[in-house]
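S.K.: Provided herewith: input27.cif, mmCIF, C-alpha atoms and all ligand atoms.
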```
data_run
loop_
_atom_site.label_atom_id
_atom_site.label_comp_id
_atom_site.auth_asym_id
_atom_site.auth_seq_id
_atom_site.Cartn_x
_atom_site.Cartn_y
_atom_site.Cartn_z
CA ARG S 610 125.78 117.61 97.78
CA THR S 611 124.12 118.90 100.93
CA VAL S 612 123.71 116.38 103.75
CA TYR S 613 122.05 116.58 107.15
CA VAL S 614 123.98 115.74 110.32
CA ASN S 615 122.61 116.21 113.83
CA GLY S 616 120.59 119.36 113.22
CA GLU S 617 122.72 120.92 110.50
CA TYR S 618 122.60 121.06 106.71
CA LEU S 619 126.20 120.94 105.47
CA PRO S 620 128.18 120.39 102.28
CA GLU S 621 129.16 116.69 102.41
CA GLU S 622 132.88 117.59 102.76
CA GLU S 623 132.15 119.39 106.03
CA ALA S 624 129.95 116.73 107.63
CA LYS S 625 131.71 114.93 110.49
CA ILE S 626 130.95 111.98 112.79
CA SER S 627 132.89 111.16 115.96
CA VAL S 628 135.25 108.17 115.93
CA PHE S 629 133.41 107.11 119.12
CA ASP S 630 130.01 107.04 117.42
CA ARG S 631 128.48 103.63 118.19
CA GLY S 632 127.10 103.38 114.66
CA PHE S 633 130.70 103.46 113.43
CA LEU S 634 132.26 101.26 116.15
CA MET S 635 129.53 98.67 116.70
CA ALA S 636 127.01 98.96 113.88
CA ASP S 637 124.73 100.17 116.68
CA ALA S 638 122.48 102.04 114.30
CA VAL S 639 119.35 101.61 112.23
CA TYR S 640 118.49 102.99 108.81
CA GLU S 641 115.81 103.54 106.21
CA VAL S 642 115.94 104.15 102.47
CA THR S 643 113.03 106.01 100.90
CA SER S 644 112.80 106.40 97.15
CA VAL S 645 112.03 109.64 95.36
CA LEU S 646 110.10 109.72 92.09
CA GLY S 647 109.24 112.99 90.39
CA GLY S 648 110.67 114.87 93.39
CA LYS S 649 108.25 113.16 95.79
CA LEU S 650 108.76 110.61 98.57
CA ILE S 651 107.38 107.10 98.10
CA ASP S 652 105.67 105.68 101.21
CA PHE S 653 107.34 108.00 103.73
CA ALA S 654 104.77 106.98 106.37
CA GLY S 655 105.69 103.30 106.02
CA HIS S 656 109.39 104.01 106.45
CA ALA S 657 108.77 106.29 109.45
CA GLU S 658 106.66 103.58 111.08
CA ARG S 659 109.33 100.90 110.57
CA LEU S 660 111.97 103.29 111.93
CA HIS S 661 109.90 103.65 115.15
CA ARG S 662 109.76 99.87 115.41
CA SER S 663 113.51 99.34 114.85
CA LEU S 664 114.33 102.04 117.41
CA ALA S 665 111.89 100.68 119.99
CA LEU S 666 113.26 97.13 119.63
CA LEU S 667 116.79 98.42 120.33
CA ASP S 668 115.72 100.75 123.15
CA MET S 669 116.76 103.83 121.19
CA ARG S 670 115.03 107.19 120.97
CA GLN S 671 114.20 109.05 117.80
CA PRO S 672 116.21 112.29 117.89
CA VAL S 673 113.68 114.33 115.87
CA THR S 674 109.89 114.27 115.54
CA ASP S 675 108.20 112.65 112.53
CA ALA S 676 107.22 116.10 111.24
CA GLU S 677 110.86 117.19 111.43
CA LEU S 678 111.95 113.97 109.75
CA LEU S 679 109.61 114.62 106.83
CA ALA S 680 110.76 118.24 106.61
CA ILE S 681 114.44 117.14 106.50
CA HIS S 682 113.69 114.60 103.75
CA ARG S 683 111.94 117.29 101.69
CA GLU S 684 114.60 119.91 102.33
CA LEU S 685 117.37 117.58 101.12
CA VAL S 686 115.39 116.55 98.05
CA ALA S 687 114.86 120.24 97.21
CA ARG S 688 118.41 121.44 98.00
CA ASN S 689 119.96 118.64 95.96
CA GLY S 690 117.46 118.92 93.11
CA ILE S 691 116.52 115.24 93.31
CA GLU S 692 113.98 114.26 90.67
CA ASP S 693 114.49 110.49 90.94
CA GLY S 694 116.66 108.93 93.61
CA LEU S 695 116.87 107.93 97.24
CA VAL S 696 116.99 109.45 100.70
CA TYR S 697 119.14 107.49 103.15
CA LEU S 698 118.45 108.01 106.85
CA GLN S 699 120.51 106.59 109.72
CA VAL S 700 119.96 106.90 113.46
CA THR S 701 122.86 105.79 115.66
CA ARG S 702 122.98 105.35 119.42
CA GLY S 703 125.39 108.26 119.39
CA ASN S 704 128.73 109.13 120.85
CA PRO S 705 129.32 108.17 124.51
CA GLY S 706 132.92 109.47 124.29
CA ASP S 707 134.53 106.05 124.81
CA ARG S 708 134.24 102.51 123.48
CA ASP S 709 132.09 100.40 125.77
CA PHE S 710 129.82 97.41 125.05
CA ALA S 711 127.11 98.60 127.44
CA PHE S 712 124.55 101.02 126.02
CA PRO S 713 124.96 104.57 127.31
CA ASP S 714 122.08 106.18 129.23
CA PRO S 715 119.80 107.69 126.55
CA ASP S 716 119.18 110.70 128.84
CA LYS S 717 122.92 111.46 128.79
CA VAL S 718 123.88 110.46 125.24
CA LYS S 719 121.58 111.64 122.49
CA ALA S 720 121.05 109.45 119.41
CA GLY S 721 122.77 110.72 116.29
CA ILE S 722 121.02 111.26 112.96
CA VAL S 723 122.35 111.53 109.43
CA LEU S 724 120.51 111.89 106.13
CA PHE S 725 121.77 112.16 102.58
CA THR S 726 120.38 111.84 99.08
CA GLN S 727 121.51 109.84 96.05
CA SER S 728 120.38 111.02 92.65
CA LYS S 729 119.30 108.17 90.34
CA PRO S 730 117.93 109.59 87.11
CA GLY S 731 115.46 107.18 85.50
CA LEU S 732 115.21 105.07 88.67
CA ALA S 733 111.84 103.67 87.58
CA ASP S 734 113.15 102.80 84.09
CA ASN S 735 115.95 100.48 85.20
CA PRO S 736 116.74 98.29 82.14
CA ALA S 737 117.08 95.27 84.47
CA ALA S 738 113.28 95.37 84.86
CA LYS S 739 113.02 94.38 81.17
CA THR S 740 115.60 91.57 81.20
CA GLY S 741 115.30 90.31 84.79
CA MET S 742 117.97 89.33 87.29
CA LYS S 743 119.97 86.15 87.81
CA VAL S 744 120.39 85.10 91.43
CA ILE S 745 122.43 82.53 93.32
CA SER S 746 121.45 81.03 96.67
CA ILE S 747 123.82 81.31 99.62
CA PRO S 748 123.50 80.20 103.27
CA ASP S 749 121.74 82.70 105.53
CA ILE S 750 124.28 83.19 108.31
CA ARG S 751 122.97 86.59 109.48
CA TRP S 752 121.90 87.19 113.08
CA GLY S 753 118.39 86.19 114.12
CA ARG S 754 116.73 89.63 114.26
CA ARG S 755 116.54 90.47 110.59
CA ASP S 756 113.27 92.31 111.23
CA ILE S 757 115.30 95.13 112.81
CA LYS S 758 116.79 97.27 110.06
CA THR S 759 120.32 97.67 111.42
CA VAL S 760 123.42 98.76 109.49
CA GLN S 761 125.07 95.34 110.00
CA LEU S 762 125.37 94.86 106.25
CA LEU S 763 128.69 93.08 105.88
CA TYR S 764 127.25 89.68 104.99
CA PRO S 765 124.71 91.10 102.52
CA SER S 766 127.67 92.94 100.90
CA ILE S 767 129.63 89.68 100.74
CA GLY S 768 126.55 88.01 99.25
CA LYS S 769 126.39 90.61 96.46
CA MET S 770 130.11 90.06 95.78
CA MET S 771 129.58 86.28 95.63
CA ALA S 772 126.77 86.84 93.12
CA LYS S 773 128.96 89.12 91.01
CA LYS S 774 131.77 86.58 91.02
CA ALA S 775 129.30 83.93 89.81
CA GLY S 776 128.22 86.21 86.95
CA CYS S 777 124.87 86.95 88.61
CA ASP S 778 123.06 90.05 89.85
CA ASP S 779 122.12 89.19 93.42
CA ALA S 780 121.86 86.43 96.02
CA TRP S 781 118.97 84.85 97.90
CA PHE S 782 119.63 83.72 101.45
CA VAL S 783 118.60 80.16 102.27
CA GLU S 784 118.25 78.26 105.51
CA ASP S 785 118.48 74.50 106.06
CA GLU S 786 116.71 72.33 103.48
CA GLY S 787 117.02 75.14 100.92
CA VAL S 788 114.24 77.32 102.37
CA VAL S 789 114.52 80.90 101.11
CA THR S 790 114.42 83.75 103.63
CA GLU S 791 114.92 86.82 101.42
CA GLY S 792 117.35 88.56 99.07
CA THR S 793 120.46 90.43 100.21
CA SER S 794 118.52 93.71 100.14
CA ASN S 795 115.02 92.75 99.06
CA ASN S 796 112.10 90.42 99.75
CA ALA S 797 111.71 87.33 97.53
CA TYR S 798 108.60 85.99 95.75
CA ILE S 799 107.61 83.25 93.35
CA VAL S 800 104.53 82.92 91.15
CA LYS S 801 103.04 79.52 90.34
CA GLY S 802 99.72 78.98 88.60
CA GLY S 803 98.92 82.67 89.12
CA ARG S 804 99.45 82.45 92.91
CA ILE S 805 101.98 84.80 94.48
CA VAL S 806 104.04 83.16 97.24
CA THR S 807 106.28 85.04 99.68
CA ARG S 808 107.65 84.15 103.08
CA GLN S 809 105.49 85.07 106.07
CA LEU S 810 106.62 87.88 108.39
CA SER S 811 108.71 86.90 111.42
CA GLU S 812 112.04 87.80 112.99
CA ASP S 813 113.72 85.94 110.10
CA ILE S 814 113.17 88.61 107.43
CA LEU S 815 112.91 92.36 107.07
CA HIS S 816 109.30 93.53 106.98
CA GLY S 817 109.60 95.26 103.63
CA ILE S 818 107.63 98.43 103.11
CA THR S 819 107.42 97.60 99.41
CA ARG S 820 106.31 94.05 100.33
CA ALA S 821 103.38 95.42 102.35
CA ALA S 822 102.31 97.67 99.46
CA ILE S 823 102.68 94.93 96.82
CA LEU S 824 100.62 92.42 98.79
CA ARG S 825 97.92 95.05 99.34
CA TYR S 826 97.80 95.95 95.62
CA ALA S 827 97.85 92.27 94.61
CA ARG S 828 94.88 91.47 96.86
CA GLU S 829 93.01 94.56 95.67
CA ALA S 830 93.51 93.27 92.11
CA GLN S 831 91.97 89.90 93.19
CA MET S 832 95.29 88.05 92.89
CA VAL S 833 95.86 85.13 95.26
CA VAL S 834 98.66 85.64 97.81
CA GLU S 835 100.16 82.89 99.97
CA GLU S 836 102.42 84.03 102.80
CA ARG S 837 104.56 80.97 103.47
CA ALA S 838 108.11 79.73 103.10
CA PHE S 839 109.30 78.24 99.80
CA THR S 840 112.46 76.41 98.74
CA VAL S 841 114.98 77.07 95.98
CA ALA S 842 113.72 73.90 94.23
CA GLU S 843 110.13 75.21 94.33
CA ALA S 844 111.34 78.56 92.99
CA GLN S 845 113.24 76.88 90.14
CA ALA S 846 110.00 75.10 89.15
CA ALA S 847 107.91 78.29 89.42
CA ASP S 848 106.48 80.26 86.48
CA GLU S 849 107.98 83.55 87.67
CA ALA S 850 109.99 85.04 90.50
CA PHE S 851 110.71 88.58 91.60
CA VAL S 852 112.06 90.71 94.42
CA THR S 853 110.82 93.95 95.97
CA SER S 854 112.57 96.83 97.72
CA ALA S 855 112.22 100.58 98.06
CA SER S 856 114.97 101.21 95.50
CA ALA S 857 114.25 98.39 93.01
CA PHE S 858 110.41 98.48 93.35
CA VAL S 859 109.43 95.15 91.70
CA MET S 860 112.35 93.46 89.91
CA PRO S 861 111.95 90.20 87.94
CA VAL S 862 114.19 87.21 88.67
CA VAL S 863 114.68 84.95 85.64
CA GLU S 864 117.33 82.49 86.82
CA ILE S 865 118.12 80.82 90.16
CA ASP S 866 121.37 78.87 90.63
CA GLY S 867 121.71 78.50 86.85
CA VAL S 868 118.15 77.25 86.27
CA ALA S 869 115.99 79.47 84.04
CA LEU S 870 112.41 80.06 85.23
CA GLY S 871 109.50 79.54 82.85
CA SER S 872 110.29 81.25 79.56
CA GLY S 873 113.49 82.78 80.96
CA ALA S 874 112.01 86.27 80.58
CA PRO S 875 110.07 88.44 83.09
CA GLY S 876 106.53 87.06 83.44
CA PRO S 877 103.14 88.77 83.16
CA VAL S 878 102.30 88.75 86.90
CA THR S 879 105.63 90.40 87.77
CA ARG S 880 105.25 92.99 85.00
CA ARG S 881 101.72 93.81 86.08
CA LEU S 882 102.69 94.16 89.75
CA ARG S 883 105.55 96.48 88.82
CA GLU S 884 103.19 98.65 86.77
CA ILE S 885 100.56 98.77 89.52
CA TYR S 886 103.19 99.54 92.17
CA LEU S 887 104.78 102.39 90.21
CA GLU S 888 101.42 103.88 89.30
CA GLU S 889 99.87 103.66 92.77
CA SER S 890 102.95 104.68 94.72
CA ARG S 891 103.51 107.73 92.48
CA LYS S 892 99.88 108.70 93.10
CA ALA S 893 100.31 108.41 96.87
CA ALA S 894 103.78 110.06 96.96
CA ILE S 895 104.17 113.16 99.13
N1 LIG S 901 115.05 92.60 102.97
C1 LIG S 901 116.25 93.13 103.24
C2 LIG S 901 117.29 92.29 103.88
C3 LIG S 901 116.52 94.49 102.91
O1 LIG S 901 117.74 95.00 103.18
C4 LIG S 901 115.51 95.26 102.27
C5 LIG S 901 115.74 96.65 101.91
O2 LIG S 901 116.76 97.25 102.14
C6 LIG S 901 114.28 94.65 102.01
C7 LIG S 901 114.07 93.32 102.38
C8 LIG S 901 113.17 95.40 101.32
O3 LIG S 901 112.57 96.34 102.20
P1 LIG S 901 111.87 97.66 101.66
O4 LIG S 901 110.81 97.23 100.71
O5 LIG S 901 111.31 98.30 102.87
O6 LIG S 901 112.95 98.47 101.00
#
```
Re-express the file's structure as structure tokens.

M.R.:
Amino acid sequence: RTVYVNGEYLPEEEAKISVFDRGFLMADAVYEVTSVLGGKLIDFAGHAERLHRSLALLDMRQPVTDAELLAIHRELVARNGIEDGLVYLQVTRGNPGDRDFAFPDPDKVKAGIVLFTQSKPGLADNPAAKTGMKVISIPDIRWGRRDIKTVQLLYPSIGKMMAKKAGCDDAWFVEDEGVVTEGTSNNAYIVKGGRIVTRQLSEDILHGITRAAILRYAREAQMVVEERAFTVAEAQAADEAFVTSASAFVMPVVEIDGVALGSGAPGPVTRRLREIYLEESRKAAI
């Protein structure tokens, strides 16, 4: 596999990062994951825009222009022959040559950038979309700026392991009184009486690029959307539930903490949104 590291395309075995890189030492780095369908990038503009925001909020500079960023994405997709899969992009604060809590001067230490691809044949035909996922709820003990897409992913990893141990597919994070924030790596939704409910944007959740697209498509299709918090109990009494992310698109949730939703199978609103999303995002892919 060919990867991109700080201006160079290299075989993955030859790619190297300094032990002093702040992304490695302090999780002082942000990332994006863009999906590829039919060799084309899904919502590249949305991911580039969120990258700008994450970088600005952490006082970091983007090491390449947006045009270069797009060109690198395309070059890696082409060189690695990716038909369906993902492009992972990470920008780190770079290598100041020592370990120090204080940020280095961005004029002296340039941000680092790494991109690689993951091939996922049949990404849009994931069998889990037919059966749906089982989730458990776990306390949301992440830091308070979940709107910044940093690589601090230890707790989400632990959450996925907890789900696996419980015989489930994923976990939903909950705050006090059982209010759901989001999934370990996706935004969470419920459907009740045809209304789609998902938590409002704030510093408490990641502003999903797929979320923005889904809400736009839902409103265009005259569906009712409520952006507000909901509890696990409300979700367990809902007709349907689902999650969205760049790599899972729209994925049904059929069980929460052992309670089956509705019929226990993916519901019609979820199925329709998945179809619309895949169709529209393929059309708009670049
Ligand atoms: N929420 C969290 C915590 C995530 O990690 C992700 C994706 O990685 C999402 C939501 C979904 O965001 P997007 O649709 O931009 O992939």

S.K.: Which residue out of S:Lys729, S:Arg804, S:Arg754, S:Arg881 has the minimum interatomic distance to ligand LIG 901 (chain S) when all atoms listed in the file are used?

M.R.: S:Arg754

S.K.: Which centre and edge lengths in Å to one decimal define the box along x, y and z that fits every listed atom of ligand LIG 901 (chain S) plus 4 Å per side, as AutoDock Vina command-line options?

M.R.:
```
--center_x 114.3 --center_y 95.4 --center_z 102.3 --size_x 14.9 --size_y 14.2 --size_z 11.2
```

S.K.: Need to verify the contact set: Tyr613 (chain S), 10 Å, all atoms listed in the file, exclusion of same-chain residues closer than 5 positions in sequence. Can you return it as a PyMOL selection string?

M.R.: chain S and resi 618-621+624+681-682+684-685+698+722-726

S.K.: Using only C-alpha atoms, what residues lie at most 8 Å away from (108.0, 104.9, 94.9) (file coordinates), given as an MDAnalysis selection string?

M.R.: chainID S and resid 643:646 650:652 855:856 858 886:887 890:891 894

S.K.: Using only C-alpha atoms and all ligand atoms, what are the residues with an atom within 8 Å of ligand LIG 901 (chain S), set out as JSON, numbers by chain?

M.R.: {"S": [641, 642, 643, 656, 755, 758, 765, 791, 792, 793, 794, 795, 796, 814, 815, 816, 817, 818, 819, 820, 821, 853, 854, 855, 856, 858]}

S.K.: For a cut-off of 6 Å around (106.1, 85.4, 90.2), file coordinates, pick out all residues using only C-alpha atoms and list them as number ranges by chain.

M.R.: S: 799-800, 805, 849-851, 879

S.K.: Using only C-alpha atoms for the distances, tell me which of S:Met771, S:Ile691, S:Val806, S:Val718 is nearest to Arg610 (chain S).

M.R.: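 Smallest distance to Arg610 (chain S) is found for S:Ile691.
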
S.K.: So that I can check the surroundings of region 872-878 of chain S, please list as a count of residues only every protein, DNA and RNA residue that reaches within 6 Å of it, counting all atoms listed in the file and ignoring chain neighbours fewer than 2 positions away.

M.R.: 8

S.K.: Please list as a PyMOL selection string every residue within 6 Å of Thr840 (chain S), counting all atoms listed in the file and excluding residues in the same chain fewer than 2 positions away.

M.R.: chain S and resi 787-789+842-843

S.K.: Here is a test: counting all atoms listed in the file, which residue of S:Gly721, S:Pro748, S:Gly776, S:Gly867 is nearest to Tyr764 (chain S)?

M.R.: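 Nearest candidate to Tyr764 (chain S) out of S:Gly721, S:Pro748, S:Gly776, S:Gly867: S:Pro748.
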
S.K.: Quick one: distance from CA of Arg751 (chain S) to CA of Glu812 (chain S) in Å, one decimal?

M.R.: 11.5 Å

S.K.: Which residue is closest to Arg808 (chain S)? Choose from S:Phe653, S:Phe633, S:Phe710, S:Phe839 and count all atoms listed in the file.

M.R.: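 Between S:Phe653, S:Phe633, S:Phe710, S:Phe839, the residue approaching Arg808 (chain S) most closely is S:Phe839.
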
S.K.: Which of these residues is nearest to Thr701 (chain S), using only C-alpha atoms: S:Asp630, S:Asp866, S:Asp714, S:Glu835?

M.R.: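 Among S:Asp630, S:Asp866, S:Asp714, S:Glu835, it is S:Asp630 that comes nearest to Thr701 (chain S).
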
S.K.: I'd like the neighbourhood of Val868 (chain S) as number ranges by chain, where a residue qualifies if any of its atoms comes within 10 Å (using all atoms listed in the file), though same-chain residues fewer than 4 positions away should be ignored.

M.R.: S: 743-745, 842, 844-846, 863-864, 873

S.K.: Please produce a file of those selected residues containing C-alpha atoms, as a PDB file, in the frame of the given file.

M.R.:
```pdb
ATOM      1  CA  LYS S 743     119.970  86.150  87.810  1.00  0.00           C
ATOM      2  CA  VAL S 744     120.390  85.100  91.430  1.00  0.00           C
ATOM      3  CA  ILE S 745     122.430  82.530  93.320  1.00  0.00           C
ATOM      4  CA  ALA S 842     113.720  73.900  94.230  1.00  0.00           C
ATOM      5  CA  ALA S 844     111.340  78.560  92.990  1.00  0.00           C
ATOM      6  CA  GLN S 845     113.240  76.880  90.140  1.00  0.00           C
ATOM      7  CA  ALA S 846     110.000  75.100  89.150  1.00  0.00           C
ATOM      8  CA  VAL S 863     114.680  84.950  85.640  1.00  0.00           C
ATOM      9  CA  GLU S 864     117.330  82.490  86.820  1.00  0.00           C
ATOM     10  CA  GLY S 873     113.490  82.780  80.960  1.00  0.00           C
TER      11      GLY S 873
END
```
